[in-house]
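Source file run-v1.tsv; content: TSV, C-alpha atoms.
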```tsv
chain	number	residue	atom	x	y	z
A	1	MET	CA	0.00	0.00	0.00
A	2	GLU	CA	1.38	3.39	-0.98
A	3	LYS	CA	2.32	5.58	1.95
A	4	ALA	CA	0.13	8.67	2.34
A	5	GLU	CA	1.81	12.03	1.90
A	6	ARG	CA	2.27	13.97	5.10
A	7	ILE	CA	1.40	17.67	4.96
A	8	VAL	CA	1.90	20.35	7.58
A	9	ILE	CA	-0.41	23.28	6.86
A	10	ALA	CA	0.15	26.83	8.08
A	11	LEU	CA	-3.19	28.66	8.16
A	12	GLY	CA	-3.10	32.40	7.53
A	13	GLY	CA	-5.34	34.92	9.24
A	14	ASN	CA	-7.88	34.91	6.40
A	15	ALA	CA	-8.56	31.24	7.21
A	16	LEU	CA	-9.78	32.26	10.67
A	17	GLN	CA	-11.22	35.76	10.40
A	18	SER	CA	-12.85	37.63	7.53
A	19	LYS	CA	-12.15	41.31	6.91
A	20	ASN	CA	-15.84	41.68	6.08
A	21	SER	CA	-17.19	40.41	9.39
A	22	GLY	CA	-16.94	41.56	12.98
A	23	PRO	CA	-14.17	40.38	15.31
A	24	THR	CA	-16.50	38.10	17.26
A	25	ALA	CA	-16.19	34.44	18.16
A	26	GLU	CA	-19.33	33.71	16.16
A	27	ALA	CA	-17.96	35.40	13.05
A	28	GLN	CA	-14.68	33.52	13.42
A	29	LEU	CA	-16.47	30.19	13.68
A	30	ASN	CA	-18.35	30.87	10.43
A	31	VAL	CA	-15.05	31.53	8.62
A	32	VAL	CA	-13.44	28.47	10.19
A	33	LYS	CA	-16.31	26.29	8.95
A	34	LYS	CA	-15.54	27.31	5.36
A	35	THR	CA	-11.83	26.75	5.96
A	36	CYS	CA	-12.41	23.28	7.34
A	37	GLY	CA	-14.40	22.30	4.27
A	38	ASN	CA	-11.23	22.77	2.23
A	39	LEU	CA	-9.08	20.96	4.79
A	40	ALA	CA	-11.49	18.03	4.91
A	41	GLU	CA	-11.24	17.73	1.13
A	42	LEU	CA	-7.46	17.28	1.48
A	43	SER	CA	-8.02	14.53	4.02
A	44	ALA	CA	-10.63	12.90	1.77
A	45	ARG	CA	-7.99	12.68	-0.96
A	46	GLY	CA	-5.75	10.63	1.30
A	47	TYR	CA	-3.33	13.23	2.66
A	48	GLU	CA	-2.28	13.07	6.30
A	49	LEU	CA	-2.54	16.50	7.93
A	50	ALA	CA	-1.43	18.59	10.84
A	51	MET	CA	-2.21	22.28	11.20
A	52	VAL	CA	-0.56	25.36	12.60
A	53	HIS	CA	-2.52	28.62	12.81
A	54	GLY	CA	-1.76	32.25	13.51
A	55	ASN	CA	-3.29	34.24	16.37
A	56	GLY	CA	-2.28	37.88	15.87
A	57	PRO	CA	-5.74	39.47	16.05
A	58	GLN	CA	-7.07	36.99	18.61
A	59	VAL	CA	-4.27	37.20	21.18
A	60	GLY	CA	-4.36	40.98	20.88
A	61	ARG	CA	-8.07	41.05	21.67
A	62	ILE	CA	-7.67	38.64	24.59
A	63	LEU	CA	-4.91	40.82	26.01
A	64	LEU	CA	-6.95	43.98	25.47
A	65	ALA	CA	-9.98	42.47	27.22
A	66	SER	CA	-7.80	41.32	30.11
A	67	GLU	CA	-6.17	44.72	30.53
A	68	THR	CA	-9.49	46.56	30.24
A	69	ALA	CA	-10.87	44.49	33.14
A	70	ARG	CA	-7.74	44.76	35.30
A	71	ASP	CA	-9.61	46.80	37.94
A	72	VAL	CA	-11.95	43.85	38.42
A	73	VAL	CA	-9.63	40.84	37.91
A	74	PRO	CA	-5.84	40.73	37.51
A	75	ALA	CA	-4.64	41.03	33.90
A	76	MET	CA	-3.26	37.84	32.37
A	77	PRO	CA	0.40	37.71	31.25
A	78	PHE	CA	1.02	37.72	27.51
A	79	ASP	CA	2.10	34.06	27.34
A	80	VAL	CA	-1.11	33.01	29.13
A	81	CYS	CA	-3.14	35.02	26.60
A	82	GLY	CA	-1.31	33.10	23.84
A	83	ALA	CA	-2.26	29.79	25.43
A	84	MET	CA	-5.87	30.96	25.70
A	85	SER	CA	-5.90	31.80	22.00
A	86	GLN	CA	-4.60	28.31	21.19
A	87	GLY	CA	-7.50	26.87	23.15
A	88	TYR	CA	-10.34	28.79	21.60
A	89	ILE	CA	-9.08	28.78	18.00
A	90	GLY	CA	-8.28	25.08	18.32
A	91	TYR	CA	-11.75	24.43	19.70
A	92	HIS	CA	-13.32	26.10	16.66
A	93	ILE	CA	-11.15	24.10	14.26
A	94	GLN	CA	-11.88	20.84	16.08
A	95	GLN	CA	-15.60	21.44	15.99
A	96	ALA	CA	-15.77	22.56	12.35
A	97	LEU	CA	-13.30	20.06	10.93
A	98	ARG	CA	-14.88	17.10	12.70
A	99	TYR	CA	-18.22	18.01	11.11
A	100	ALA	CA	-16.69	18.59	7.66
A	101	LEU	CA	-14.95	15.21	7.82
A	102	ALA	CA	-18.12	13.42	8.95
A	103	LYS	CA	-20.00	14.86	5.95
A	104	ARG	CA	-17.45	13.02	3.80
A	105	ASN	CA	-17.93	9.83	5.85
A	106	LEU	CA	-14.49	10.28	7.43
A	107	HIS	CA	-14.43	9.66	11.17
A	108	ILE	CA	-10.97	10.93	12.04
A	109	PRO	CA	-10.34	12.40	15.50
A	110	VAL	CA	-9.27	16.04	15.56
A	111	VAL	CA	-7.46	17.41	18.60
A	112	SER	CA	-5.80	20.71	19.42
A	113	LEU	CA	-2.71	20.62	21.59
A	114	VAL	CA	-1.60	23.49	23.78
A	115	THR	CA	1.98	23.65	22.57
A	116	GLN	CA	5.06	25.31	24.01
A	117	VAL	CA	7.94	26.27	21.73
A	118	VAL	CA	11.39	27.05	23.09
A	119	VAL	CA	13.07	30.27	21.97
A	120	GLU	CA	16.51	31.65	22.79
A	121	PRO	CA	16.58	34.53	25.29
A	122	GLY	CA	19.44	36.05	23.28
A	123	ASP	CA	17.46	36.08	20.02
A	124	PRO	CA	17.97	39.52	18.43
A	125	ALA	CA	14.20	39.77	17.89
A	126	PHE	CA	13.84	40.75	21.55
A	127	GLN	CA	15.74	43.96	20.75
A	128	ASN	CA	13.59	44.71	17.70
A	129	PRO	CA	9.86	43.99	18.22
A	130	SER	CA	8.21	43.48	14.85
A	131	LYS	CA	5.18	41.16	15.12
A	132	PRO	CA	1.85	43.05	14.98
A	133	ILE	CA	-0.91	41.97	17.35
A	134	GLY	CA	-4.35	43.26	18.17
A	135	PRO	CA	-6.45	45.98	16.54
A	136	PHE	CA	-5.45	48.98	14.46
A	137	TYR	CA	-5.14	52.40	16.08
A	138	SER	CA	-4.88	55.97	14.89
A	139	ARG	CA	-1.58	57.82	15.30
A	140	GLU	CA	-2.96	59.67	18.33
A	141	GLU	CA	-4.18	56.45	19.99
A	142	ALA	CA	-0.84	54.77	19.27
A	143	GLU	CA	1.09	57.62	20.87
A	144	THR	CA	-1.11	57.41	23.96
A	145	LEU	CA	-0.50	53.65	24.29
A	146	GLN	CA	3.23	54.14	23.90
A	147	ARG	CA	3.24	56.83	26.56
A	148	GLU	CA	0.89	55.20	29.07
A	149	LYS	CA	1.59	51.49	28.65
A	150	GLY	CA	5.07	51.41	27.17
A	151	TYR	CA	3.90	49.51	24.08
A	152	VAL	CA	5.97	49.54	20.92
A	153	MET	CA	3.66	50.76	18.15
A	154	LYS	CA	4.38	50.67	14.42
A	155	GLU	CA	2.53	51.75	11.29
A	156	ASP	CA	1.15	48.72	9.41
A	157	ALA	CA	0.99	49.01	5.60
A	158	GLY	CA	-1.02	52.22	5.56
A	159	ARG	CA	-3.84	50.66	7.58
A	160	GLY	CA	-3.07	52.30	10.92
A	161	TYR	CA	-0.87	51.56	13.91
A	162	ARG	CA	-0.60	48.28	15.80
A	163	ARG	CA	1.25	47.06	18.83
A	164	VAL	CA	4.31	45.00	17.94
A	165	VAL	CA	6.06	42.40	20.08
A	166	PRO	CA	9.26	40.37	19.58
A	167	SER	CA	9.10	37.48	17.10
A	168	PRO	CA	11.95	35.11	18.00
A	169	LEU	CA	12.73	32.03	15.93
A	170	PRO	CA	11.40	28.69	17.19
A	171	ARG	CA	14.12	26.31	18.38
A	172	ARG	CA	12.30	23.31	19.86
A	173	ILE	CA	8.70	22.08	20.08
A	174	VAL	CA	8.27	20.86	23.64
A	175	GLU	CA	5.33	18.54	22.90
A	176	ILE	CA	6.72	17.11	19.63
A	177	ASP	CA	6.67	13.51	20.90
A	178	GLU	CA	2.96	13.81	21.65
A	179	VAL	CA	2.33	15.13	18.12
A	180	ARG	CA	4.24	12.19	16.64
A	181	ASN	CA	2.35	9.70	18.81
A	182	LEU	CA	-1.00	11.08	17.67
A	183	TRP	CA	-0.10	11.41	13.98
A	184	ASP	CA	-1.11	8.06	12.51
A	185	ASP	CA	-4.79	8.20	13.44
A	186	THR	CA	-5.47	11.81	14.46
A	187	ILE	CA	-5.42	15.26	12.84
A	188	VAL	CA	-3.51	17.48	15.24
A	189	VAL	CA	-3.82	21.25	15.55
A	190	THR	CA	-0.56	22.27	17.17
A	191	CYS	CA	1.85	25.19	17.62
A	192	GLY	CA	-1.15	27.53	17.52
A	193	GLY	CA	-0.07	31.13	17.10
A	194	GLY	CA	3.42	29.77	16.49
A	195	GLY	CA	3.34	28.09	19.90
A	196	VAL	CA	3.51	29.62	23.36
A	197	PRO	CA	7.07	31.01	23.44
A	198	VAL	CA	9.07	29.78	26.43
A	199	ILE	CA	12.70	29.95	27.51
A	200	GLU	CA	14.59	27.29	29.45
A	201	THR	CA	15.88	28.60	32.76
A	202	ASP	CA	19.11	27.58	34.50
A	203	ARG	CA	16.95	25.44	36.79
A	204	GLY	CA	15.63	23.47	33.80
A	205	GLU	CA	12.18	25.04	34.01
A	206	LEU	CA	10.18	26.48	31.14
A	207	GLU	CA	9.18	30.13	31.51
A	208	GLY	CA	6.78	32.01	29.22
A	209	VAL	CA	7.88	35.24	27.55
A	210	ALA	CA	5.99	38.14	25.95
A	211	ALA	CA	6.49	37.35	22.27
A	212	VAL	CA	4.77	35.83	19.24
A	213	ILE	CA	6.51	33.21	17.12
A	214	ASP	CA	5.76	33.47	13.43
A	215	LYS	CA	3.41	30.62	12.58
A	216	ASP	CA	5.14	29.97	9.24
A	217	PHE	CA	8.47	29.30	10.95
A	218	ALA	CA	6.76	27.16	13.58
A	219	ALA	CA	5.04	25.16	10.82
A	220	GLU	CA	8.40	24.70	9.08
A	221	LEU	CA	9.99	23.34	12.25
A	222	LEU	CA	7.01	21.04	12.80
A	223	ALA	CA	7.19	19.81	9.19
A	224	GLU	CA	10.83	18.85	9.67
A	225	GLN	CA	10.24	17.13	12.98
A	226	VAL	CA	7.32	14.97	11.79
A	227	ASP	CA	9.11	14.15	8.51
A	228	ALA	CA	6.42	15.80	6.40
A	229	ASP	CA	6.54	15.53	2.62
A	230	VAL	CA	5.06	18.98	2.03
A	231	LEU	CA	5.01	22.26	3.91
A	232	MET	CA	1.88	24.08	2.74
A	233	ILE	CA	1.48	27.76	3.62
A	234	LEU	CA	-2.04	29.05	2.98
A	235	THR	CA	-2.53	32.78	2.60
A	236	GLU	CA	-4.75	35.32	0.84
A	237	VAL	CA	-3.17	35.14	-2.62
A	238	GLU	CA	-2.96	32.20	-4.99
A	239	GLN	CA	0.69	32.70	-5.95
A	240	VAL	CA	3.82	34.45	-4.82
A	241	ALA	CA	4.62	37.43	-7.05
A	242	ILE	CA	7.57	39.66	-7.76
A	243	TYR	CA	7.10	43.38	-8.46
A	244	TRP	CA	3.91	43.10	-6.38
A	245	GLY	CA	1.27	45.73	-7.12
A	246	ARG	CA	3.18	47.19	-10.06
A	247	PRO	CA	2.34	47.02	-13.79
A	248	GLU	CA	5.16	44.51	-14.27
A	249	GLN	CA	3.93	42.21	-11.51
A	250	ARG	CA	4.75	38.58	-12.29
A	251	ASN	CA	3.16	35.64	-10.51
A	252	LEU	CA	5.40	32.64	-9.93
A	253	ALA	CA	4.29	29.04	-10.37
A	254	HIS	CA	7.70	27.74	-9.26
A	255	MET	CA	10.75	28.98	-7.40
A	256	SER	CA	14.01	27.14	-6.89
A	257	LEU	CA	15.91	27.78	-3.68
A	258	GLU	CA	18.38	29.91	-5.63
A	259	GLU	CA	15.62	32.00	-7.24
A	260	ALA	CA	13.80	32.49	-3.93
A	261	ALA	CA	17.03	33.67	-2.29
A	262	ARG	CA	17.68	36.13	-5.11
A	263	TYR	CA	14.16	37.57	-5.07
A	264	THR	CA	14.38	37.90	-1.29
A	265	GLU	CA	17.68	39.75	-1.50
A	266	GLU	CA	16.20	42.07	-4.14
A	267	GLY	CA	13.43	43.01	-1.68
A	268	HIS	CA	10.42	41.63	-3.55
A	269	PHE	CA	8.69	40.26	-0.44
A	270	ALA	CA	7.24	42.43	2.32
A	271	ALA	CA	8.34	41.86	5.89
A	272	GLY	CA	5.49	40.59	8.06
A	273	SER	CA	3.60	39.48	4.95
A	274	MET	CA	5.06	37.31	2.17
A	275	LEU	CA	8.68	37.41	3.39
A	276	PRO	CA	8.34	34.96	6.34
A	277	LYS	CA	6.34	32.58	4.14
A	278	VAL	CA	9.07	32.49	1.51
A	279	GLN	CA	11.79	32.24	4.15
A	280	ALA	CA	10.04	29.30	5.84
A	281	ALA	CA	9.58	27.58	2.47
A	282	MET	CA	13.27	28.12	1.69
A	283	LYS	CA	14.36	26.67	5.02
A	284	PHE	CA	12.22	23.56	4.53
A	285	VAL	CA	13.53	22.72	1.05
A	286	ARG	CA	17.10	23.64	2.00
A	287	ASN	CA	17.02	21.12	4.85
A	288	ASN	CA	14.97	18.57	2.86
A	289	PRO	CA	16.23	18.74	-0.75
A	290	GLY	CA	13.84	16.11	-2.12
A	291	LYS	CA	10.72	17.72	-0.72
A	292	LYS	CA	8.67	20.79	-1.55
A	293	ALA	CA	6.91	23.74	-0.03
A	294	VAL	CA	3.71	25.20	-1.47
A	295	ILE	CA	2.40	28.73	-0.98
A	296	THR	CA	-1.15	29.33	-2.16
A	297	SER	CA	-4.65	30.40	-1.17
A	298	LEU	CA	-6.97	28.25	0.88
A	299	ASP	CA	-9.45	27.72	-1.96
A	300	ARG	CA	-6.71	26.49	-4.32
A	301	ALA	CA	-5.04	24.10	-1.87
A	302	VAL	CA	-6.15	20.87	-3.57
A	303	GLU	CA	-5.16	22.14	-7.02
A	304	ALA	CA	-1.82	23.35	-5.70
A	305	LEU	CA	-0.93	19.86	-4.47
A	306	GLU	CA	-1.76	18.61	-7.96
A	307	GLY	CA	0.57	21.20	-9.51
A	308	LYS	CA	-2.29	23.22	-11.01
A	309	ALA	CA	-2.11	26.32	-8.80
A	310	GLY	CA	0.01	28.08	-6.22
A	311	THR	CA	3.76	28.57	-6.01
A	312	VAL	CA	5.89	25.47	-5.52
A	313	VAL	CA	9.29	25.94	-3.91
A	314	THR	CA	11.87	23.20	-4.49
A	315	PHE	CA	15.60	22.82	-3.90
A	316	ALA	CA	16.42	23.14	-7.62
```
So, in terms of structure tokens, how does the structure I just supplied come out?
Amino acid sequence: MEKAERIVIALGGNALQSKNSGPTAEAQLNVVKKTCGNLAELSARGYELAMVHGNGPQVGRILLASETARDVVPAMPFDVCGAMSQGYIGYHIQQALRYALAKRNLHIPVVSLVTQVVVEPGDPAFQNPSKPIGPFYSREEAETLQREKGYVMKEDAGRGYRRVVPSPLPRRIVEIDEVRNLWDDTIVVTCGGGGVPVIETDRGELEGVAAVIDKDFAAELLAEQVDADVLMILTEVEQVAIYWGRPEQRNLAHMSLEEAARYTEEGHFAAGSMLPKVQAAMKFVRNNPGKKAVITSLDRAVEALEGKAGTVVTFA
């Protein structure tokens, strides 16, 4: 019997929250239901899946709610808010994906795992916060938050100002053995929001830190550690493009590692947007020369695995 292909999927924000709906749990669940229809179709075609999701808007809202109520109950630390976001996003995915699978007569367990990911305390990201979280603010609101709360606020692609936190690289998935043990008969949602970032203390304990790990890099690390055949990064656009938004824009059906490195050096990919996706894809194929990474939109995922859509990144 032919071995099923293993795929680790990184779900972008559009897979969890629509720009056209309110930032409520109910609105998120409706979007997740549509997302899980596509994911269930991949499972129905025989692929083995695990999923990593982002949490930028959600963890920001959880933190904001906690801080707003601090006169009534103590505010939760940032790492705890990250764990809470893993729980409620994972719950929505479990619920929606289980139903979507059952409609296809597939009775595969779906579980979400609260996952810790070790980062290095000396990571330079801690000196340069860059990961946006939470809602958008006006310049005046951003200046007030900087002054009163000490937040680092940055302008975000002409859409307003957002709080930014450090985004260190993932070094080790603490619960990786549990993911491996579940793999053969369970779809696992893991490393949610990139994982809860923790550092290892001199005493051998794990200690949470105020940071957000990029979910694309966390998915890449997971893909390596479960020996996945494909790293699939799902985003808002069908293909990676160079000269984005310009008359000479060119969509790419394929990139070799060498081409991806050159386009990156030339500055074609925006930081905080397409750049980490391309960098994660490059890392995966560099460390696994016979395998591939795919960057595409959620609704073209099946076609992308068949080579009919998306951008495929390979070693050569």
| request: Quick one: everything within 7 Å of segment 230-240 of chain A, counting only C-alpha atoms, minus sequence neighbours fewer than 4 positions away in the same chain. Send it as a list in words. | output: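 Returned residues: Arg6, Ile7, Val8, Ile9, Ala10, Leu11, Gly12, Asn14, Glu220, Ala223, Asn251, Leu252, Ala253, Lys277, Lys291, Lys292, Ala293, Val294, Ile295, Thr296, Ser297, Leu298, Arg300, Gly310 and Thr311 of chain A.
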Ref. answer, residues at most 7 Å from (7.1, 41.1, 15.9) with only C-alpha atoms, as a list in words
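Within 7 Å of (7.1, 41.1, 15.9), the protein and nucleic acid residues are Pro129, Ser130, Lys131, Pro132, Val164, Val165, Pro166, Ser167 and Val212 of chain A.
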So that I can see what lies close to segment 256-264 of chain A, please list as a list in words the residues with an atom at most 7 Å from it, counting only C-alpha atoms and leaving out residues fewer than 6 positions away in the same chain.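 What passes the distance filter is Met282, Val313, Thr314, Phe315 and Ala316 of chain A.
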Contacts of segment 30-143 of chain A with segment 173-189 of chain A up to 10 Å, shortest pair per row, all atoms listed in the file, as a tab-separated table:
```
residue	atom	partner	partner_atom	distance
A:Ser43	CA	A:Ile187	CA	9.2
A:Glu48	CA	A:Ile187	CA	7.6
A:Leu49	CA	A:Ile187	CA	5.8
A:Ala50	CA	A:Val188	CA	5.0
A:Met51	CA	A:Val189	CA	4.8
A:Val52	CA	A:Val189	CA	6.0
A:His53	CA	A:Val189	CA	8.0
A:Gln86	CA	A:Val189	CA	9.1
A:Ile89	CA	A:Val189	CA	9.5
A:Gly90	CA	A:Val189	CA	6.5
A:Tyr91	CA	A:Val189	CA	9.5
A:Ile93	CA	A:Val189	CA	8.0
A:Gln94	CA	A:Val189	CA	8.1
A:Leu97	CA	A:Ile187	CA	9.4
A:Arg98	CA	A:Ile187	CA	9.6
A:His107	CA	A:Thr186	CA	9.8
A:Ile108	CA	A:Thr186	CA	6.1
A:Pro109	CA	A:Thr186	CA	5.0
A:Val110	CA	A:Ile187	CA	4.8
A:Val111	CA	A:Val188	CA	5.2
A:Ser112	CA	A:Val189	CA	4.4
A:Leu113	CA	A:Val189	CA	6.2
A:Val114	CA	A:Glu175	CA	8.6
A:Thr115	CA	A:Glu175	CA	6.1
A:Gln116	CA	A:Val174	CA	5.5
A:Val117	CA	A:Ile173	CA	4.6
A:Val118	CA	A:Ile173	CA	6.4
A:Val119	CA	A:Ile173	CA	9.5
```
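Of the residues under consideration (A:Gly122, A:Ile199, A:Ala157, A:Asp299), A:Asp299 shows the shortest atom-to-atom contact distance to Ala15 of chain A when counting all atoms listed in the file.
Residues lying within 12 Å of Glu26 of chain A, counting all atoms listed in the file and ignoring same-chain neighbours fewer than 3 positions away, are Leu16, Gln17, Ser18, Ser21, Gly22, Pro23, Leu29, Asn30, Val31, Val32, Lys33, Tyr88, Ile89 and His92 of chain A.
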Counting all atoms listed in the file, the residue among A:Leu221, A:Pro197, A:Ala228, A:Leu169 that lies closest to Asp123 of chain A is A:Leu169
Practice prompt. Considering only C-alpha atoms, state which residue in the set A:Met255, A:Ala125, A:Ala301, A:Ala100 is at the smallest distance from Asp214 of chain A.
Written response: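 Of the candidates, the smallest distance to Asp214 of chain A is held by A:Ala125.
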Students should find that atom CA of Leu101 of chain A and atom CA of Ala40 of chain A are spaced 5.3 Å
Between atom CA of Arg162 of chain A and atom CA of Gly134 of chain A lies a distance of 6.7 Å
*Which protein, DNA or RNA residues have an atom at most 12 Å from (16.4, 30.6, 31.6), counting only C-alpha atoms? List them as JSON, numbers by chain.*
{"A": [118, 119, 120, 121, 122, 198, 199, 200, 201, 202, 203, 204, 205, 206, 207, 208, 209]}
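Atom CA of Val59 of chain A is positioned 7.0 Å from atom CA of Ile133 of chain A.
The list of residues with at least one atom within 9 Å of Tyr151 of chain A, based on all atoms listed in the file and without residues fewer than 4 positions apart in the same chain, reads Ala142, Leu145, Gln146, Arg147, Arg163, Val164 and Val165 of chain A.
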Given the choices A:Ala96, A:Ala219, A:Ala211, A:Val226, which gets closest to Asn38 of chain A if the distance is worked out from all atoms listed in the file?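 So, comparing all the options, the nearest one is A:Ala96.
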